[in-house]
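Peer 1: This is work-v3.csv (CSV, C-alpha atoms and all ligand atoms).
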```csv
chain,number,residue,atom,x,y,z
W,1,MET,CA,60.3,106.4,135.5
W,2,SER,CA,63.5,106.0,137.4
W,3,SER,CA,62.8,102.9,139.6
W,4,ARG,CA,63.6,99.4,138.4
W,5,PRO,CA,60.9,97.7,136.4
W,6,SER,CA,59.5,94.2,137.2
W,7,LEU,CA,60.2,91.4,134.8
W,8,ASP,CA,56.5,90.6,134.9
W,9,SER,CA,55.7,93.7,133.0
W,10,PHE,CA,57.4,92.6,129.8
W,11,ARG,CA,55.9,90.5,127.1
W,12,ARG,CA,58.8,89.9,124.6
W,13,ILE,CA,62.2,89.3,126.1
W,14,VAL,CA,65.6,88.8,124.4
W,15,VAL,CA,68.2,87.1,126.6
W,16,LYS,CA,71.8,87.5,125.4
W,17,VAL,CA,74.4,85.0,126.6
W,18,GLY,CA,78.1,85.7,126.2
W,19,SER,CA,80.8,83.2,125.3
W,20,SER,CA,82.6,83.6,128.6
W,21,LEU,CA,79.4,82.4,130.5
W,22,LEU,CA,78.7,79.5,128.2
W,23,VAL,CA,82.1,78.1,127.5
W,24,ASP,CA,84.5,77.0,130.1
W,25,HIS,CA,87.7,79.0,129.8
W,26,ALA,CA,90.2,76.3,130.6
W,27,GLY,CA,88.6,73.3,128.8
W,28,GLY,CA,86.8,75.2,126.0
W,29,THR,CA,83.7,73.1,126.5
W,30,LEU,CA,80.1,74.1,127.2
W,31,LYS,CA,79.0,74.6,130.8
W,32,ARG,CA,76.1,72.3,130.6
W,33,ASP,CA,74.8,72.7,134.2
W,34,TRP,CA,74.8,76.5,134.0
W,35,LEU,CA,73.0,76.3,130.7
W,36,GLU,CA,70.4,73.8,132.1
W,37,ALA,CA,69.7,76.3,134.9
W,38,LEU,CA,69.3,79.2,132.5
W,39,ALA,CA,66.9,77.1,130.4
W,40,ASP,CA,64.8,76.6,133.5
W,41,ASP,CA,64.6,80.4,133.9
W,42,LEU,CA,63.6,80.7,130.2
W,43,ALA,CA,61.0,78.0,130.6
W,44,GLY,CA,59.5,80.1,133.5
W,45,LEU,CA,59.2,83.2,131.2
W,46,HIS,CA,57.8,81.1,128.4
W,47,ALA,CA,55.2,79.4,130.7
W,48,ALA,CA,54.2,82.9,131.9
W,49,GLY,CA,53.1,83.6,128.3
W,50,LYS,CA,56.1,85.7,127.3
W,51,ASP,CA,57.8,85.5,123.9
W,52,VAL,CA,61.4,84.5,124.5
W,53,LEU,CA,64.4,85.0,122.2
W,54,VAL,CA,68.0,84.0,122.8
W,55,VAL,CA,71.1,85.6,121.4
W,56,SER,CA,73.8,83.1,122.0
W,57,SER,CA,77.5,83.5,121.5
W,58,GLY,CA,80.0,80.7,121.8
W,59,SER,CA,80.5,79.3,118.4
W,60,ILE,CA,84.0,80.5,117.9
W,61,ALA,CA,85.0,79.6,121.5
W,62,LEU,CA,83.7,76.1,121.1
W,63,GLY,CA,85.0,75.5,117.6
W,64,ARG,CA,88.5,76.6,118.4
W,65,THR,CA,88.8,73.8,121.0
W,66,VAL,CA,87.5,71.1,118.6
W,67,LEU,CA,89.9,72.3,115.9
W,68,LYS,CA,92.8,72.7,118.5
W,69,LEU,CA,93.5,76.3,117.5
W,70,PRO,CA,96.1,78.1,119.6
W,71,LYS,CA,95.0,80.5,122.4
W,72,GLY,CA,95.0,84.2,121.7
W,73,ALA,CA,93.5,86.2,118.8
W,74,LEU,CA,92.5,84.2,115.7
W,75,ARG,CA,93.0,85.2,112.1
W,76,LEU,CA,89.6,85.9,110.4
W,77,GLU,CA,89.7,82.6,108.4
W,78,ASP,CA,90.4,80.6,111.5
W,79,SER,CA,87.6,82.2,113.5
W,80,GLN,CA,85.3,81.6,110.5
W,81,ALA,CA,86.3,77.9,110.5
W,82,ALA,CA,85.9,77.7,114.3
W,83,ALA,CA,82.5,79.3,114.1
W,84,ALA,CA,81.4,76.7,111.5
W,85,VAL,CA,82.4,73.9,113.8
W,86,GLY,CA,81.2,75.4,117.0
W,87,GLN,CA,77.8,76.7,115.8
W,88,ILE,CA,76.6,73.1,115.1
W,89,ALA,CA,77.3,72.1,118.7
W,90,LEU,CA,75.9,75.3,120.1
W,91,ALA,CA,72.6,75.0,118.2
W,92,ARG,CA,72.2,71.3,119.1
W,93,THR,CA,72.7,72.0,122.7
W,94,TRP,CA,70.2,74.8,122.7
W,95,SER,CA,67.7,72.6,120.9
W,96,GLU,CA,68.2,69.9,123.5
W,97,VAL,CA,68.0,72.0,126.6
W,98,LEU,CA,65.0,74.0,125.4
W,99,GLY,CA,63.4,70.9,124.0
W,100,ALA,CA,63.7,69.1,127.3
W,101,ARG,CA,61.5,71.8,128.8
W,102,GLY,CA,58.9,71.7,126.1
W,103,MET,CA,60.2,74.6,124.0
W,104,THR,CA,61.0,74.4,120.3
W,105,ALA,CA,64.3,76.2,119.3
W,106,GLY,CA,64.7,77.7,115.8
W,107,GLN,CA,68.2,78.8,114.7
W,108,ILE,CA,68.7,82.1,113.0
W,109,LEU,CA,72.1,83.3,111.8
W,110,VAL,CA,72.2,86.9,110.8
W,111,THR,CA,74.8,89.2,109.3
W,112,LEU,CA,75.0,93.0,109.6
W,113,ASN,CA,73.2,93.3,106.3
W,114,ASP,CA,70.2,91.4,107.6
W,115,THR,CA,69.6,94.0,110.2
W,116,GLU,CA,70.7,97.1,108.3
W,117,GLU,CA,69.4,96.6,104.8
W,118,ARG,CA,65.7,97.2,104.7
W,119,ARG,CA,64.6,94.4,102.4
W,120,ARG,CA,66.4,91.8,104.5
W,121,TYR,CA,65.4,93.5,107.7
W,122,LEU,CA,61.8,93.0,106.8
W,123,ASN,CA,62.5,89.3,106.0
W,124,ALA,CA,64.3,88.6,109.3
W,125,ARG,CA,61.6,90.4,111.2
W,126,GLU,CA,58.9,88.4,109.6
W,127,THR,CA,60.6,85.1,110.2
W,128,ILE,CA,61.2,85.9,113.9
W,129,GLY,CA,57.6,87.0,114.2
W,130,ARG,CA,56.3,83.8,112.7
W,131,LEU,CA,58.5,81.7,115.0
W,132,LEU,CA,57.2,83.6,118.0
W,133,ASP,CA,53.6,83.2,116.8
W,134,MET,CA,54.1,79.5,116.9
W,135,ARG,CA,55.6,79.8,120.4
W,136,ALA,CA,59.1,78.7,119.3
W,137,VAL,CA,62.2,80.2,120.8
W,138,PRO,CA,64.5,81.8,118.1
W,139,VAL,CA,68.2,81.2,119.0
W,140,ILE,CA,70.2,83.8,117.2
W,141,ASN,CA,73.9,84.3,116.5
W,142,GLU,CA,75.9,86.2,114.0
W,143,ASN,CA,76.7,84.2,110.9
W,144,ASP,CA,80.4,84.3,111.6
W,145,THR,CA,81.4,81.9,108.9
W,146,VAL,CA,80.4,84.2,106.1
W,147,ALA,CA,80.7,87.6,107.8
W,148,THR,CA,84.0,89.3,106.9
W,149,THR,CA,85.5,92.2,108.8
W,150,GLU,CA,83.7,94.9,106.9
W,151,ILE,CA,80.2,93.3,107.3
W,152,ARG,CA,80.3,91.9,110.8
W,153,TYR,CA,79.1,93.2,114.1
W,154,GLY,CA,81.9,91.2,115.8
W,155,ASP,CA,80.1,91.4,119.2
W,156,ASN,CA,76.8,90.0,120.2
W,157,ASP,CA,75.9,92.9,122.5
W,158,ARG,CA,75.0,95.2,119.6
W,159,LEU,CA,73.7,92.3,117.5
W,160,ALA,CA,71.3,91.5,120.4
W,161,ALA,CA,70.1,95.1,120.6
W,162,ARG,CA,69.4,95.2,116.9
W,163,VAL,CA,67.6,91.9,117.1
W,164,ALA,CA,65.6,93.2,120.1
W,165,THR,CA,64.4,96.3,118.3
W,166,MET,CA,63.9,94.4,115.0
W,167,ALA,CA,61.6,91.9,116.9
W,168,SER,CA,59.9,94.8,118.8
W,169,ALA,CA,61.0,93.2,122.1
W,170,ASP,CA,60.2,95.3,125.1
W,171,LEU,CA,63.2,94.0,127.1
W,172,LEU,CA,66.8,92.9,126.4
W,173,ILE,CA,68.7,91.1,129.2
W,174,LEU,CA,72.5,91.1,128.7
W,175,LEU,CA,73.9,88.4,130.8
W,176,SER,CA,77.5,89.3,131.5
W,177,ASP,CA,80.6,88.5,133.6
W,178,ILE,CA,79.9,91.5,135.7
W,179,ASP,CA,76.7,92.5,137.5
W,180,GLY,CA,76.2,95.9,135.8
W,181,LEU,CA,77.7,99.2,135.0
W,182,TYR,CA,80.0,100.7,137.7
W,183,THR,CA,81.0,104.3,138.1
W,184,ALA,CA,84.6,103.2,137.2
W,185,PRO,CA,86.1,99.8,136.1
W,186,PRO,CA,85.8,98.0,139.5
W,187,HIS,CA,89.1,96.1,139.1
W,188,GLU,CA,91.0,99.4,138.8
W,189,ASP,CA,89.0,101.5,141.3
W,190,PRO,CA,87.9,99.8,144.5
W,191,SER,CA,85.6,102.8,145.3
W,192,ALA,CA,83.6,102.2,142.2
W,193,THR,CA,79.8,101.6,142.8
W,194,LEU,CA,77.2,99.9,140.7
W,195,ILE,CA,74.6,102.1,139.0
W,196,PRO,CA,71.2,100.5,139.4
W,197,VAL,CA,69.2,102.6,136.9
W,198,VAL,CA,70.3,104.7,133.9
W,199,ALA,CA,67.4,106.9,132.8
W,200,ARG,CA,69.3,108.3,129.8
W,201,ILE,CA,72.7,107.4,128.2
W,202,GLY,CA,74.7,110.6,128.2
W,203,ALA,CA,78.4,111.5,128.0
W,204,GLU,CA,79.0,110.7,131.7
W,205,ILE,CA,77.6,107.2,131.3
W,206,GLU,CA,79.7,106.6,128.2
W,207,ALA,CA,82.8,107.7,130.1
W,208,MET,CA,82.2,105.1,132.7
W,209,ALA,CA,82.3,102.3,130.2
W,210,GLY,CA,86.1,101.9,129.7
W,211,GLY,CA,87.1,99.4,127.0
W,212,ALA,CA,87.6,96.0,128.7
W,213,ALA,CA,86.9,92.7,126.9
W,214,SER,CA,88.0,89.2,127.8
W,215,GLU,CA,89.7,86.7,125.5
W,216,LEU,CA,86.5,84.6,124.9
W,217,SER,CA,84.0,87.4,124.4
W,218,ARG,CA,84.5,90.4,122.2
W,219,GLY,CA,82.3,92.9,123.9
W,220,GLY,CA,83.4,94.9,126.9
W,221,MET,CA,81.3,97.5,128.7
W,222,ARG,CA,81.7,99.8,125.7
W,223,THR,CA,79.7,97.6,123.4
W,224,LYS,CA,77.1,97.1,126.1
W,225,ILE,CA,76.6,100.9,126.3
W,226,GLU,CA,76.4,100.9,122.5
W,227,ALA,CA,73.8,98.2,122.7
W,228,GLY,CA,71.9,100.3,125.3
W,229,LYS,CA,71.8,103.2,122.9
W,230,ILE,CA,70.4,101.0,120.1
W,231,ALA,CA,67.9,99.3,122.4
W,232,THR,CA,66.6,102.4,124.3
W,233,SER,CA,66.2,104.4,121.1
W,234,GLY,CA,64.2,101.5,119.7
W,235,GLY,CA,61.8,101.5,122.6
W,236,THR,CA,63.4,98.5,124.3
W,237,HIS,CA,64.5,98.5,128.0
W,238,MET,CA,67.8,96.9,128.7
W,239,VAL,CA,69.3,95.3,131.8
W,240,ILE,CA,72.9,94.2,132.3
W,241,GLY,CA,73.0,91.4,134.9
W,242,ASP,CA,75.4,88.9,136.4
W,243,GLY,CA,75.4,85.7,134.4
W,244,ARG,CA,78.1,83.9,136.3
W,245,ILE,CA,75.7,82.6,138.9
W,246,ALA,CA,73.1,79.8,138.4
W,247,HIS,CA,69.6,81.0,137.4
W,248,PRO,CA,70.7,84.4,136.4
W,249,VAL,CA,67.3,85.6,135.0
W,250,ARG,CA,65.4,84.4,138.1
W,251,ARG,CA,67.9,86.3,140.2
W,252,ILE,CA,67.4,89.5,138.3
W,253,ALA,CA,63.6,89.1,138.7
W,254,ALA,CA,64.1,88.6,142.4
W,255,GLY,CA,66.0,91.8,142.8
W,256,ALA,CA,69.7,90.9,142.4
W,257,PRO,CA,72.0,93.9,141.7
W,258,CYS,CA,72.1,94.9,138.0
W,259,THR,CA,71.9,98.0,135.8
W,260,TRP,CA,68.7,98.9,134.1
W,261,PHE,CA,68.8,101.2,131.0
W,262,LEU,CA,65.3,102.7,130.7
W,263,THR,CA,63.6,103.9,127.5
W,264,PRO,CA,60.9,106.6,127.6
W,265,SER,CA,59.3,104.9,124.6
W,266,ASN,CA,58.0,101.5,123.6
W,267,PRO,CA,58.8,99.4,120.5
W,268,VAL,CA,55.6,100.2,118.6
W,269,THR,CA,55.9,104.0,119.1
W,270,ALA,CA,59.6,104.0,118.4
W,271,ARG,CA,59.2,102.1,115.2
W,272,LYS,CA,56.4,104.4,114.0
W,273,LYS,CA,58.6,107.4,114.8
W,274,TRP,CA,61.5,105.8,112.9
W,275,ILE,CA,59.2,105.1,109.9
W,276,ALA,CA,57.7,108.6,110.0
W,277,GLY,CA,60.8,110.6,110.6
W,278,SER,CA,64.1,108.8,109.7
W,279,LEU,CA,63.6,107.2,106.3
W,280,GLU,CA,63.8,108.8,102.9
W,281,PRO,CA,60.5,108.0,101.0
W,282,ARG,CA,61.2,106.3,97.6
W,283,GLY,CA,57.8,106.5,96.2
W,284,ALA,CA,54.1,106.6,97.0
W,285,VAL,CA,51.0,104.5,96.9
W,286,HIS,CA,47.6,106.1,96.2
W,287,ILE,CA,44.7,104.6,98.0
W,288,ASP,CA,40.9,104.8,97.7
W,289,ALA,CA,38.5,106.2,100.3
W,290,GLY,CA,37.5,102.8,101.6
W,291,ALA,CA,41.2,101.8,102.2
W,292,ALA,CA,41.8,105.2,103.9
W,293,ARG,CA,38.9,104.5,106.3
W,294,ALA,CA,40.2,101.0,107.0
W,295,LEU,CA,43.7,102.3,107.7
W,296,SER,CA,42.5,104.9,110.2
W,297,SER,CA,40.6,102.1,112.1
W,298,GLY,CA,43.8,100.1,112.4
W,299,ALA,CA,43.9,97.8,109.4
W,300,SER,CA,46.8,97.0,107.1
W,301,LEU,CA,46.9,98.3,103.5
W,302,LEU,CA,45.8,95.5,101.0
W,303,PRO,CA,46.5,95.7,97.3
W,304,ALA,CA,42.7,95.9,96.6
W,305,GLY,CA,42.6,99.5,98.1
W,306,VAL,CA,45.6,100.8,96.1
W,307,THR,CA,44.7,102.8,93.0
W,308,ARG,CA,48.2,103.7,91.7
W,309,VAL,CA,51.9,103.4,92.7
W,310,GLU,CA,54.6,105.9,92.0
W,311,GLY,CA,58.4,105.8,92.1
W,312,VAL,CA,61.2,103.3,92.1
W,313,PHE,CA,61.3,101.4,95.3
W,314,ALA,CA,62.3,98.0,96.6
W,315,ARG,CA,60.6,95.8,99.1
W,316,GLY,CA,61.2,97.2,102.6
W,317,ASP,CA,61.6,100.8,101.4
W,318,CYS,CA,59.6,103.6,102.9
W,319,VAL,CA,56.8,105.0,100.7
W,320,LEU,CA,54.2,107.8,101.2
W,321,ILE,CA,50.6,106.8,101.5
W,322,ARG,CA,48.4,109.3,99.6
W,323,ASP,CA,44.6,109.5,99.7
W,324,PHE,CA,42.4,109.9,96.6
W,325,ARG,CA,43.0,113.7,96.6
W,326,GLY,CA,46.8,113.1,96.7
W,327,ALA,CA,47.2,114.2,100.3
W,328,GLU,CA,49.8,112.4,102.4
W,329,ILE,CA,48.1,110.5,105.2
W,330,GLY,CA,51.1,108.4,106.3
W,331,ARG,CA,54.2,106.4,105.5
W,332,GLY,CA,55.0,102.8,105.5
W,333,LEU,CA,57.5,100.1,104.6
W,334,ILE,CA,56.2,98.4,101.5
W,335,ALA,CA,56.2,94.6,101.1
W,336,TYR,CA,56.7,94.7,97.3
W,337,ASP,CA,59.1,96.1,94.8
W,338,ALA,CA,57.7,98.9,92.5
W,339,LEU,CA,57.1,96.5,89.6
W,340,GLU,CA,55.3,93.9,91.6
W,341,ALA,CA,53.3,96.6,93.5
W,342,ALA,CA,52.1,98.0,90.1
W,343,GLN,CA,50.9,94.6,89.0
W,344,LEU,CA,49.0,94.1,92.2
W,345,VAL,CA,47.1,97.5,92.1
W,346,GLY,CA,43.4,96.9,92.8
W,347,ARG,CA,43.8,93.1,93.1
W,348,ASN,CA,42.3,90.9,95.7
W,349,SER,CA,45.0,89.4,98.0
W,350,ARG,CA,43.9,85.9,96.9
W,351,GLU,CA,45.1,86.7,93.4
W,352,ILE,CA,48.7,87.5,94.4
W,353,GLU,CA,50.1,84.2,93.5
W,354,ALA,CA,48.3,84.1,90.1
W,355,VAL,CA,49.5,87.6,89.3
W,356,LEU,CA,53.2,87.3,90.4
W,357,GLY,CA,53.7,83.6,89.8
W,358,VAL,CA,54.9,83.2,93.4
W,359,PRO,CA,53.0,83.4,96.7
W,360,GLY,CA,53.4,86.8,98.4
W,361,ARG,CA,52.2,88.7,101.5
W,362,ALA,CA,48.5,89.5,101.7
W,363,GLU,CA,49.3,93.1,102.8
W,364,MET,CA,50.9,95.8,100.6
W,365,ILE,CA,51.9,97.6,103.8
W,366,HIS,CA,51.5,95.8,107.1
W,367,ARG,CA,49.9,97.7,110.0
W,368,ASP,CA,53.0,97.4,112.1
W,369,ASP,CA,55.1,98.9,109.3
W,370,MET,CA,53.0,102.0,108.9
W,371,ALA,CA,52.9,105.4,110.6
W,372,LEU,CA,49.7,107.5,109.9
W,373,GLY,CA,49.7,111.3,110.2
W,374,GLN,CA,47.7,111.4,113.4
W,375,GLU,CA,49.9,108.8,115.3
E,401,LIG,N1,79.4,85.6,117.5
E,401,LIG,C1,80.5,85.2,118.2
E,401,LIG,C2,80.5,83.7,118.6
E,401,LIG,O1,79.4,83.1,118.6
E,401,LIG,C3,80.6,85.9,119.6
E,401,LIG,C4,80.6,87.4,119.6
E,401,LIG,C5,80.7,87.9,121.0
E,401,LIG,O2,81.5,87.3,121.8
E,401,LIG,O3,80.0,88.8,121.4
E,401,LIG,O4,81.4,83.1,118.9
```
Please lay out the structure from this file as structure tokens.
Peer 2:
Amino acid sequence: MSSRPSLDSFRRIVVKVGSSLLVDHAGGTLKRDWLEALADDLAGLHAAGKDVLVVSSGSIALGRTVLKLPKGALRLEDSQAAAAVGQIALARTWSEVLGARGMTAGQILVTLNDTEERRRYLNARETIGRLLDMRAVPVINENDTVATTEIRYGDNDRLAARVATMASADLLILLSDIDGLYTAPPHEDPSATLIPVVARIGAEIEAMAGGAASELSRGGMRTKIEAGKIATSGGTHMVIGDGRIAHPVRRIAAGAPCTWFLTPSNPVTARKKWIAGSLEPRGAVHIDAGAARALSSGASLLPAGVTRVEGVFARGDCVLIRDFRGAEIGRGLIAYDALEAAQLVGRNSREIEAVLGVPGRAEMIHRDDMALGQE
């Protein structure tokens, strides 16, 4: 596919909003009218039955105004303090503008560990999934008040791409202060032209990115290309579009200039490939014939069908799934630590709370977290 897709064809969409769009550069306050117009666009997607997630920057830019911090680069402690102050205002505003259009906002603050470490990844993914099941709109930012230099993304472009693949979104829209990727930085080279569709991010695309970033936002085109790599390898299409205008999402839908980064895959296939091919298995679960049949017809693995577990693994780790002969039939991310899983062997899901003393997931390995041999 090398033509531009239609927004109608996507069912789960992450919209990333940068600080420089949301926060007025001179006054350091929120651009409320612009945000209201964007919220109208999001309400349109939501009413069309799509799942909508927002990744919103702006906490540091807002907080620094309130705290009267000087212009220019901030020390880490100051940006953390600014984020603490600004995030409250940011979340309240999102809750108000989405609420006014009948949508419920749920705030999620994540750190690098939440998306990179498997146990926490599974937790964040499940919370996002639950919010979306209930038709709420997750509003996500990096937890800048606790993230230190070593453990932070620092830019919401890559964070948004991770969130999009984590949530199995099929589209990520990066709203930016430029309408897409140009063959060269347009402020330096007047002959630069916009690239409408990128079918694959290769060296020549990376070379076009340059390194520019503005004072308010951390990401330049470079982090957007990085985001594109994360998104497209996770089966998520990405589009960079102009956010400076009113109703930016509606405009992209109507054909405004922008750059599409296409993926040959989809989130479900990409995730299964990742589980099947990229993770080191930490153990195995042996299952009975009935469970093997249920799995091949698309069911999750319940504790009742497990006959034995092997290895030292933690919740979220990859384990092999073996049939009663010991043959590997697939792999999956297990919902329980090895000790808990051993206690649950053969048990009915209703007994989980009695066995562990705390409520737990009904599935030992959820269908979405599993790749079977034939897939
Ligand atoms: N997480 C930062 C904030 O909310 C912004 C990072 C970025 O600009 O990409 O202020």
Peer 1: Nearest residue to ligand LIG 401 (chain E) out of W:Arg120, W:Arg130, W:Arg158, W:Arg250, using all atoms listed in the file?
Peer 2: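 With all atoms listed in the file as the atom set, the closest residue is W:Arg158.
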Peer 1: As a quick test: using only C-alpha atoms and all ligand atoms, which residues lie no more than 8 Å away from ligand LIG 401 (chain E)? Give them as a short mmCIF file (atom, residue, chain, number, x, y, z; two decimals) with C-alpha atoms, in the frame of the given file.
Peer 2:
```cif
data_model
loop_
_atom_site.label_atom_id
_atom_site.label_comp_id
_atom_site.auth_asym_id
_atom_site.auth_seq_id
_atom_site.Cartn_x
_atom_site.Cartn_y
_atom_site.Cartn_z
CA GLY W 18 78.10 85.70 126.20
CA SER W 19 80.80 83.20 125.30
CA SER W 20 82.60 83.60 128.60
CA SER W 56 73.80 83.10 122.00
CA SER W 57 77.50 83.50 121.50
CA GLY W 58 80.00 80.70 121.80
CA SER W 59 80.50 79.30 118.40
CA ILE W 60 84.00 80.50 117.90
CA ALA W 61 85.00 79.60 121.50
CA LEU W 62 83.70 76.10 121.10
CA ALA W 83 82.50 79.30 114.10
CA GLY W 86 81.20 75.40 117.00
CA GLN W 87 77.80 76.70 115.80
CA ASN W 141 73.90 84.30 116.50
CA GLU W 142 75.90 86.20 114.00
CA ASN W 143 76.70 84.20 110.90
CA ASP W 144 80.40 84.30 111.60
CA GLY W 154 81.90 91.20 115.80
CA ASP W 155 80.10 91.40 119.20
CA ASN W 156 76.80 90.00 120.20
CA ASP W 157 75.90 92.90 122.50
CA LEU W 216 86.50 84.60 124.90
CA SER W 217 84.00 87.40 124.40
CA ARG W 218 84.50 90.40 122.20
CA GLY W 219 82.30 92.90 123.90
#
```
Peer 1: Just give me the gap between CA of Ile287 (chain W) and CA of Ile365 (chain W) in Å, one decimal is fine.
Peer 2: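 Calculated distance between CA of Ile287 (chain W) and CA of Ile365 (chain W) is 11.6 Å.
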Peer 1: What is the CA of Tyr336 (chain W)-CA of Met364 (chain W) distance in Å, reported with one decimal?
Peer 2: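 Computing it gives 6.8 Å between the two atoms.
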Peer 1: Using all atoms listed in the file, which of W:Ala199, W:Ala167, W:Leu181, W:Leu122 sits nearest Arg315 (chain W)?
Peer 2: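 Distance minimum relative to Arg315 (chain W) lands on W:Leu122.
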Peer 1: Nearest to Gly330 (chain W) among W:Asp369, W:Asp317, W:Glu206, W:Asp33, with distances taken over only C-alpha atoms: which residue is it?
Peer 2: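 Comparing W:Asp369, W:Asp317, W:Glu206, W:Asp33 against Gly330 (chain W), the winner is W:Asp369.
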Peer 1: So that I can see what lies close to region 92-100 of chain W, please list as JSON, numbers by chain the residues with an atom at most 8 Å from it, counting only C-alpha atoms and leaving out residues fewer than 6 positions away in the same chain.
Peer 2: {"W": [35, 36, 39, 43, 106, 139]}
Peer 1: Given the choices W:Leu372, W:Ile321, W:Ala354, W:Ile195, which gets closest to Ala276 (chain W) if the distance is worked out from all atoms listed in the file?
Peer 2: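 Checking each candidate against Ala276 (chain W), we get W:Leu372 as the closest.
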Peer 1: Give the answer as one residue: which of W:Ala270, W:Val249, W:Ala124, W:Cys258 has the shortest atom-to-atom distance to Gly316 (chain W), using only C-alpha atoms?
Peer 2: W:Ala124
Peer 1: For a quick check of understanding, using only C-alpha atoms, which of W:Thr111, W:Thr236, W:Ser265, W:Thr148 has the smallest distance to Gln80 (chain W)?
Peer 2: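 Checking each of W:Thr111, W:Thr236, W:Ser265, W:Thr148 against Gln80 (chain W), counting only C-alpha atoms, the winner is W:Thr148.
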Peer 1: Report, in Å with one decimal, the straight-line distance from CA of Gly180 (chain W) to CA of Asp242 (chain W).
Peer 2: 7.1 Å
Peer 1: Could you give me, as a VMD selection string, the residues that have an atom at most 12 Å away from the point (64.9, 102.0, 96.5) in the coordinates of the file, using only C-alpha atoms?
Peer 2: chain W and resid 117 to 119 279 to 284 310 to 319 333 to 334 336 to 339
Peer 1: Would you save region 92-97 of chain W from the block above with all heavy atoms, as a PDB file, in the first residue's frame?
Peer 2:
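What ended up in out20.pdb:
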```
ATOM      1  N   ARG W  92      -6.913  18.531  34.534  1.00  0.00           N
ATOM      2  CA  ARG W  92      -8.227  19.121  34.795  1.00  0.00           C
ATOM      3  C   ARG W  92      -8.832  19.633  33.486  1.00  0.00           C
ATOM      4  O   ARG W  92     -10.001  19.416  33.193  1.00  0.00           O
ATOM      5  CB  ARG W  92      -8.126  20.257  35.815  1.00  0.00           C
ATOM      6  CG  ARG W  92      -9.509  20.779  36.193  1.00  0.00           C
ATOM      7  CD  ARG W  92      -9.444  21.970  37.123  1.00  0.00           C
ATOM      8  NE  ARG W  92      -8.661  23.041  36.543  1.00  0.00           N
ATOM      9  CZ  ARG W  92      -7.784  23.776  37.214  1.00  0.00           C
ATOM     10  NH1 ARG W  92      -7.557  23.539  38.480  1.00  0.00           N
ATOM     11  NH2 ARG W  92      -7.117  24.738  36.600  1.00  0.00           N
ATOM     12  N   THR W  93      -7.990  20.295  32.692  1.00  0.00           N
ATOM     13  CA  THR W  93      -8.513  20.862  31.447  1.00  0.00           C
ATOM     14  C   THR W  93      -8.978  19.773  30.492  1.00  0.00           C
ATOM     15  O   THR W  93     -10.041  19.867  29.894  1.00  0.00           O
ATOM     16  CB  THR W  93      -7.427  21.736  30.782  1.00  0.00           C
ATOM     17  OG1 THR W  93      -6.957  22.651  31.762  1.00  0.00           O
ATOM     18  CG2 THR W  93      -7.989  22.492  29.605  1.00  0.00           C
ATOM     19  N   TRP W  94      -8.192  18.716  30.358  1.00  0.00           N
ATOM     20  CA  TRP W  94      -8.615  17.605  29.488  1.00  0.00           C
ATOM     21  C   TRP W  94      -9.923  17.004  29.977  1.00  0.00           C
ATOM     22  O   TRP W  94     -10.823  16.692  29.192  1.00  0.00           O
ATOM     23  CB  TRP W  94      -7.528  16.528  29.417  1.00  0.00           C
ATOM     24  CG  TRP W  94      -6.492  16.818  28.370  1.00  0.00           C
ATOM     25  CD1 TRP W  94      -5.186  17.172  28.593  1.00  0.00           C
ATOM     26  CD2 TRP W  94      -6.671  16.798  26.957  1.00  0.00           C
ATOM     27  NE1 TRP W  94      -4.551  17.373  27.394  1.00  0.00           N
ATOM     28  CE2 TRP W  94      -5.435  17.146  26.371  1.00  0.00           C
ATOM     29  CE3 TRP W  94      -7.753  16.530  26.122  1.00  0.00           C
ATOM     30  CZ2 TRP W  94      -5.242  17.226  24.995  1.00  0.00           C
ATOM     31  CZ3 TRP W  94      -7.566  16.610  24.738  1.00  0.00           C
ATOM     32  CH2 TRP W  94      -6.336  16.951  24.199  1.00  0.00           C
ATOM     33  N   SER W  95     -10.005  16.828  31.289  1.00  0.00           N
ATOM     34  CA  SER W  95     -11.213  16.249  31.854  1.00  0.00           C
ATOM     35  C   SER W  95     -12.417  17.144  31.542  1.00  0.00           C
ATOM     36  O   SER W  95     -13.488  16.654  31.168  1.00  0.00           O
ATOM     37  CB  SER W  95     -10.987  16.080  33.356  1.00  0.00           C
ATOM     38  OG  SER W  95     -12.118  15.568  33.948  1.00  0.00           O
ATOM     39  N   GLU W  96     -12.227  18.455  31.655  1.00  0.00           N
ATOM     40  CA  GLU W  96     -13.322  19.397  31.361  1.00  0.00           C
ATOM     41  C   GLU W  96     -13.723  19.368  29.892  1.00  0.00           C
ATOM     42  O   GLU W  96     -14.890  19.232  29.557  1.00  0.00           O
ATOM     43  CB  GLU W  96     -12.893  20.829  31.697  1.00  0.00           C
ATOM     44  CG  GLU W  96     -12.979  21.160  33.168  1.00  0.00           C
ATOM     45  CD  GLU W  96     -12.306  22.503  33.481  1.00  0.00           C
ATOM     46  OE1 GLU W  96     -11.988  23.284  32.538  1.00  0.00           O
ATOM     47  OE2 GLU W  96     -12.075  22.743  34.670  1.00  0.00           O
ATOM     48  N   VAL W  97     -12.734  19.492  28.995  1.00  0.00           N
ATOM     49  CA  VAL W  97     -13.105  19.619  27.574  1.00  0.00           C
ATOM     50  C   VAL W  97     -13.666  18.307  27.014  1.00  0.00           C
ATOM     51  O   VAL W  97     -14.584  18.324  26.194  1.00  0.00           O
ATOM     52  CB  VAL W  97     -11.951  20.151  26.670  1.00  0.00           C
ATOM     53  CG1 VAL W  97     -11.525  21.538  27.088  1.00  0.00           C
ATOM     54  CG2 VAL W  97     -10.785  19.199  26.618  1.00  0.00           C
TER      55      VAL W  97
END
```
